[in-house]
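K.L.:
Sending over a structure as structure tokens; questions will come in a sec.
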Amino acid sequence: MGLLELCEKYFQTKNLYEVLEITEKATDKEVKKAYHKLSLKVHPDRVDEKDKLEATEKFKVLGGVHAILSDSNKRATYDETKCVDDDDDVVVDRDWTVYWRLLFKKITDDDIIAYEKEYIGSGEERNDLKVAYLAGKGDMDYIVDQVQFARSEHEDRLKGILRDLIAKGEIPAYKKFTHEPEKKRQRRIAKENREAVEAEELKKELGVGSGPNSLELMIKQKQQARAQQMDSLIDSLAAKYGGGNKPKATKRKAATKTETASKNKKRK
């Protein structure tokens with residue numbers, strides 16, 4: 001079966017751009033980012049055992065699509081003919097895990113820390129906060145789970161941003177936000193503290209420190225727990241740090257837990 005037929009089988013379209021959920025005007029950077037995002041969702045190592053077979057096939061197809069759209073000559077030919085060469089149909093049989101690793105560099109603790117410094121206080125954070133507020137109808141539990149690095153130490157600042165957005169009429173004043181019980185906030189803080197302790201205990205159990213490999217080992221142990229929560233951070237880091245080494249599947253909350261645990265340990 002050719003690549004286009006496989007696209008239709010697994011993604012219900014023969015249009016390579018539609019498979020990656022982008023337009024024909026997408027830049028090379030946007031093509032790479034879209035491929036990274038979708039391939040993470042179907043990566044065989046990140047799905048349940050019962051879904052591995054289909055995920056593997058989808059992963060191969062996405063690799064084949066990216067191989068064409070990332071090559072200027074092949075992309076031009078496809079744009080003109082909406083067909084792929086017979087030789088390109090063979091690409092679905094390549095080792096796409098190796099191909100993927102060549103495209104995306106390993107994300108280290110230092111990368112996450114650098115990204116956090118850039119993200120906090122940025123327009124991106126403000127927009128993410130606004131989206132999470134509307135989706136959760138003002139529920140701070142939902143917001144801190146969705147917004148990157150939204151730890152308790154940032155809550156007052158984040159609430160200030162939301163109040164400003166309410167005052168400007170950009171978002172409604174949901175009662176869940178304006179009248180949140182103090183007990184609910186305290187439960188949220190207690191949960192964060194428990195997660196920090198769990199992260200520290202896991203590091204000790206695995207015998208790892210706080211170096212660039214420690215996060216990777218932790219994720220390998222807990223990568224199924226909150227797989228969906230990692231996408232936003234991964235996309236942003238891929239766009240900023242995408243390079244030529246081995247990638248690391250990571251997730252926002254685990255990264256946040258690791259750093260929180262490290263900070264708590266330093267304070268002691």
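Order determines the names: the first chain of the structure tokens is A, the second B, and so forth; residues in each chain are numbered 1 upward, and ligands are numbered 1 upward as they are shown.
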Assign secondary structure with DSSP using the backbone only, and return the residues of range 45-203 of chain A in helix (DSSP H, G or I) as a ChimeraX atom specification.

P.N.:
/A:45-46,49-69,72-81,86-93,96-103,109-119,123-135,140-146,152-167,175-178,182-203

K.L.:
Looking at A:Ile22, A:Leu38, A:Thr27, A:Lys52, which one is nearest to Ser72 in chain A, with distances taken over only C-alpha atoms?

P.N.:
A:Thr27

K.L.:
Pick out the residues sitting within 10 Å of range 76-79 of chain A, and hand them over as a list in words; count only C-alpha atoms, and ignore anything fewer than 4 positions along from it in its own chain.

P.N.:
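Near range 76-79 of chain A, the qualifying residues are Asn15, Leu16, Tyr17, Glu24, Ile68, Leu69, Asp71, Ser72, Cys83, Val84 and Asp85 of chain A.
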
K.L.:
For the residues selected in the previous step, produce a file with all heavy atoms as a short mmCIF file (atom, residue, chain, number, x, y, z; two decimals), in the first residue's frame.

P.N.:
data_model
loop_
_atom_site.label_atom_id
_atom_site.label_comp_id
_atom_site.auth_asym_id
_atom_site.auth_seq_id
_atom_site.Cartn_x
_atom_site.Cartn_y
_atom_site.Cartn_z
N ASN A 15 -4.47 13.99 1.59
CA ASN A 15 -3.76 15.26 1.54
C ASN A 15 -2.71 15.31 2.65
O ASN A 15 -3.04 15.24 3.83
CB ASN A 15 -4.76 16.42 1.70
CG ASN A 15 -4.11 17.77 1.49
OD1 ASN A 15 -3.16 18.13 2.18
ND2 ASN A 15 -4.64 18.53 0.55
N LEU A 16 -1.44 15.42 2.26
CA LEU A 16 -0.36 15.37 3.24
C LEU A 16 -0.45 16.52 4.24
O LEU A 16 -0.11 16.36 5.41
CB LEU A 16 1.00 15.41 2.54
CG LEU A 16 1.28 14.29 1.53
CD1 LEU A 16 2.74 14.34 1.08
CD2 LEU A 16 0.96 12.92 2.12
N TYR A 17 -0.90 17.68 3.78
CA TYR A 17 -1.02 18.83 4.67
C TYR A 17 -2.13 18.60 5.71
O TYR A 17 -1.99 18.98 6.88
CB TYR A 17 -1.30 20.10 3.88
CG TYR A 17 -0.14 20.53 3.00
CD1 TYR A 17 -0.12 20.23 1.65
CD2 TYR A 17 0.95 21.22 3.54
CE1 TYR A 17 0.94 20.60 0.84
CE2 TYR A 17 2.02 21.61 2.74
CZ TYR A 17 2.01 21.29 1.39
OH TYR A 17 3.09 21.67 0.60
N GLU A 24 -1.11 24.59 3.10
CA GLU A 24 -0.04 24.50 2.11
C GLU A 24 0.95 25.65 2.23
O GLU A 24 2.05 25.59 1.69
CB GLU A 24 -0.64 24.46 0.70
CG GLU A 24 -1.42 23.20 0.41
CD GLU A 24 -1.84 23.08 -1.05
OE1 GLU A 24 -1.27 23.82 -1.89
OE2 GLU A 24 -2.71 22.25 -1.36
N ILE A 68 8.58 14.05 3.00
CA ILE A 68 8.26 14.69 1.72
C ILE A 68 8.10 16.20 1.89
O ILE A 68 8.69 17.00 1.15
CB ILE A 68 6.97 14.09 1.11
CG1 ILE A 68 7.23 12.65 0.69
CG2 ILE A 68 6.49 14.92 -0.08
CD1 ILE A 68 6.01 11.91 0.20
N LEU A 69 7.33 16.62 2.87
CA LEU A 69 7.05 18.05 3.03
C LEU A 69 8.26 18.82 3.56
O LEU A 69 8.29 20.06 3.46
CB LEU A 69 5.86 18.25 3.96
CG LEU A 69 4.53 17.69 3.46
CD1 LEU A 69 3.40 18.09 4.41
CD2 LEU A 69 4.22 18.19 2.05
N ASP A 71 11.31 18.24 2.40
CA ASP A 71 12.24 18.28 1.27
C ASP A 71 11.68 19.23 0.22
O ASP A 71 10.60 18.99 -0.33
CB ASP A 71 12.40 16.87 0.70
CG ASP A 71 13.42 16.79 -0.43
OD1 ASP A 71 13.23 17.49 -1.45
OD2 ASP A 71 14.39 16.03 -0.29
N SER A 72 12.38 20.31 -0.05
CA SER A 72 11.84 21.36 -0.94
C SER A 72 11.48 20.82 -2.32
O SER A 72 10.43 21.20 -2.89
CB SER A 72 12.84 22.51 -1.07
OG SER A 72 14.09 22.05 -1.57
N CYS A 83 0.64 14.08 -5.97
CA CYS A 83 1.05 12.69 -5.99
C CYS A 83 2.46 12.58 -5.39
O CYS A 83 3.16 13.57 -5.27
CB CYS A 83 1.09 12.15 -7.43
SG CYS A 83 -0.52 12.13 -8.25
N VAL A 84 2.83 11.36 -5.01
CA VAL A 84 4.19 11.13 -4.52
C VAL A 84 4.84 10.10 -5.42
O VAL A 84 4.17 9.23 -5.99
CB VAL A 84 4.20 10.65 -3.07
CG1 VAL A 84 3.64 11.72 -2.15
CG2 VAL A 84 3.44 9.35 -2.92
N ASP A 85 6.15 10.18 -5.55
CA ASP A 85 6.87 9.23 -6.39
C ASP A 85 6.77 7.83 -5.81
O ASP A 85 6.64 7.65 -4.60
CB ASP A 85 8.35 9.61 -6.50
CG ASP A 85 8.54 10.90 -7.28
OD1 ASP A 85 7.64 11.24 -8.08
OD2 ASP A 85 9.58 11.56 -7.09
#

K.L.:
Can you work out which one of A:Phe177, A:Tyr133, A:Tyr35, A:Tyr115 has the shortest atom-to-atom distance to Gln146 in chain A, counting only C-alpha atoms?

P.N.:
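The closest residue to Gln146 in chain A is A:Tyr133.
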
K.L.:
Using only C-alpha atoms, which protein or nucleic acid residues come within 9 Å of Lys130 in chain A? Drop anything in the same chain fewer than 4 positions from it, and give the result as an MDAnalysis selection string.

P.N.:
chainID A and resid 125:126 134:135 161:162 165 170:171

K.L.:
Dump all heavy atoms for the selected residues as a compact mmCIF listing (two decimals), in the first residue's frame?

P.N.:
# COMPACT_ATOMS: atom_id res chain seq x y z
N GLU A 125 2.31 33.08 27.92
CA GLU A 125 1.74 32.65 29.20
C GLU A 125 0.38 33.31 29.41
O GLU A 125 -0.58 32.66 29.85
CB GLU A 125 2.67 33.02 30.35
CG GLU A 125 2.13 32.58 31.71
CD GLU A 125 2.87 33.20 32.88
OE1 GLU A 125 3.11 34.43 32.83
OE2 GLU A 125 3.17 32.48 33.85
N ARG A 126 0.28 34.59 29.10
CA ARG A 126 -0.97 35.31 29.29
C ARG A 126 -2.08 34.71 28.44
O ARG A 126 -3.21 34.53 28.90
CB ARG A 126 -0.77 36.80 28.91
CG ARG A 126 -1.98 37.70 29.17
CD ARG A 126 -1.68 39.12 28.72
NE ARG A 126 -2.81 40.02 28.90
CZ ARG A 126 -3.04 40.71 30.00
NH1 ARG A 126 -2.20 40.60 31.03
NH2 ARG A 126 -4.09 41.50 30.10
N LEU A 134 -11.00 30.21 30.46
CA LEU A 134 -12.28 30.07 29.75
C LEU A 134 -12.69 28.60 29.67
O LEU A 134 -13.87 28.27 29.87
CB LEU A 134 -12.16 30.68 28.35
CG LEU A 134 -12.00 32.20 28.30
CD1 LEU A 134 -11.69 32.66 26.88
CD2 LEU A 134 -13.25 32.90 28.82
N ALA A 135 -11.73 27.72 29.38
CA ALA A 135 -12.06 26.30 29.25
C ALA A 135 -12.49 25.71 30.59
O ALA A 135 -13.39 24.86 30.65
CB ALA A 135 -10.84 25.53 28.71
N ILE A 161 -3.23 38.66 36.81
CA ILE A 161 -3.40 38.76 35.35
C ILE A 161 -4.85 38.51 34.98
O ILE A 161 -5.43 39.23 34.15
CB ILE A 161 -2.48 37.75 34.64
CG1 ILE A 161 -1.01 38.10 34.87
CG2 ILE A 161 -2.79 37.72 33.13
CD1 ILE A 161 -0.05 37.05 34.34
N LEU A 162 -5.44 37.50 35.59
CA LEU A 162 -6.84 37.17 35.29
C LEU A 162 -7.79 38.29 35.72
O LEU A 162 -8.74 38.63 35.00
CB LEU A 162 -7.23 35.86 35.97
CG LEU A 162 -6.57 34.61 35.39
CD1 LEU A 162 -6.85 33.39 36.27
CD2 LEU A 162 -7.05 34.35 33.97
N LEU A 165 -7.65 40.90 33.14
CA LEU A 165 -8.40 40.52 31.95
C LEU A 165 -9.91 40.68 32.18
O LEU A 165 -10.64 41.07 31.27
CB LEU A 165 -8.08 39.07 31.57
CG LEU A 165 -6.66 38.81 31.04
CD1 LEU A 165 -6.41 37.31 30.90
CD2 LEU A 165 -6.46 39.50 29.69
N GLU A 170 -12.15 41.13 28.80
CA GLU A 170 -11.68 40.10 27.88
C GLU A 170 -12.17 38.71 28.29
O GLU A 170 -12.25 37.81 27.45
CB GLU A 170 -10.16 40.12 27.81
CG GLU A 170 -9.58 41.38 27.19
CD GLU A 170 -8.08 41.29 27.00
OE1 GLU A 170 -7.60 40.18 26.68
OE2 GLU A 170 -7.39 42.32 27.14
N ILE A 171 -12.47 38.54 29.56
CA ILE A 171 -13.00 37.27 30.06
C ILE A 171 -14.10 37.56 31.08
O ILE A 171 -14.08 38.61 31.73
CB ILE A 171 -11.90 36.39 30.71
CG1 ILE A 171 -11.19 37.17 31.83
CG2 ILE A 171 -10.91 35.89 29.68
CD1 ILE A 171 -10.16 36.34 32.58

K.L.:
Mind pulling up the distance from CA of Val47 in chain A to CA of Leu3 in chain A?

P.N.:
22.9 Å

K.L.:
Using only C-alpha atoms, which residues sit within 12 Å of Phe11 in chain A once same-chain residues fewer than 4 positions away are excluded, as a list in words?

P.N.:
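So, after excluding close chain neighbours, the residues are Leu3, Leu4, Glu5, Leu6, Cys7, Asn15, Leu16, Tyr17, Glu18, Val19, Leu20, Glu21, Leu38, Val42, Glu54, Ala55, Glu57, Lys58, Phe59, Val61, Leu62 and Val65 of chain A.
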
K.L.:
Out of A:Asp128, A:Lys25, A:Gly2, A:Lys14, which residue has the shortest atom-to-atom distance to Lys82 in chain A when counting only C-alpha atoms?

P.N.:
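Once distances to Lys82 in chain A are computed over only C-alpha atoms, the minimum belongs to A:Lys14.
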
K.L.:
Could you state the separation of CA of Ile120 in chain A and CA of Lys32 in chain A in Å, given to one decimal place?

P.N.:
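If I compute the distance from CA of Ile120 in chain A to CA of Lys32 in chain A, I get 24.8 Å.
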
K.L.:
Between A:Lys168, A:Arg151, A:Arg185, A:Lys60, which residue has the minimum interatomic distance to Pro44 in chain A, considering only C-alpha atoms?

P.N.:
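The closest residue to Pro44 in chain A is A:Lys60.
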
K.L.:
Please indicate the distance in Å from CA of His36 in chain A to CA of Ile143 in chain A, rounded to one decimal place.

P.N.:
24.8 Å

K.L.:
Pick from A:Glu155, A:Asp28, A:Glu124, A:Glu195: nearest to Arg75 in chain A, with only C-alpha atoms counted?

P.N.:
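For Arg75 in chain A, the nearest of the candidates is A:Asp28.
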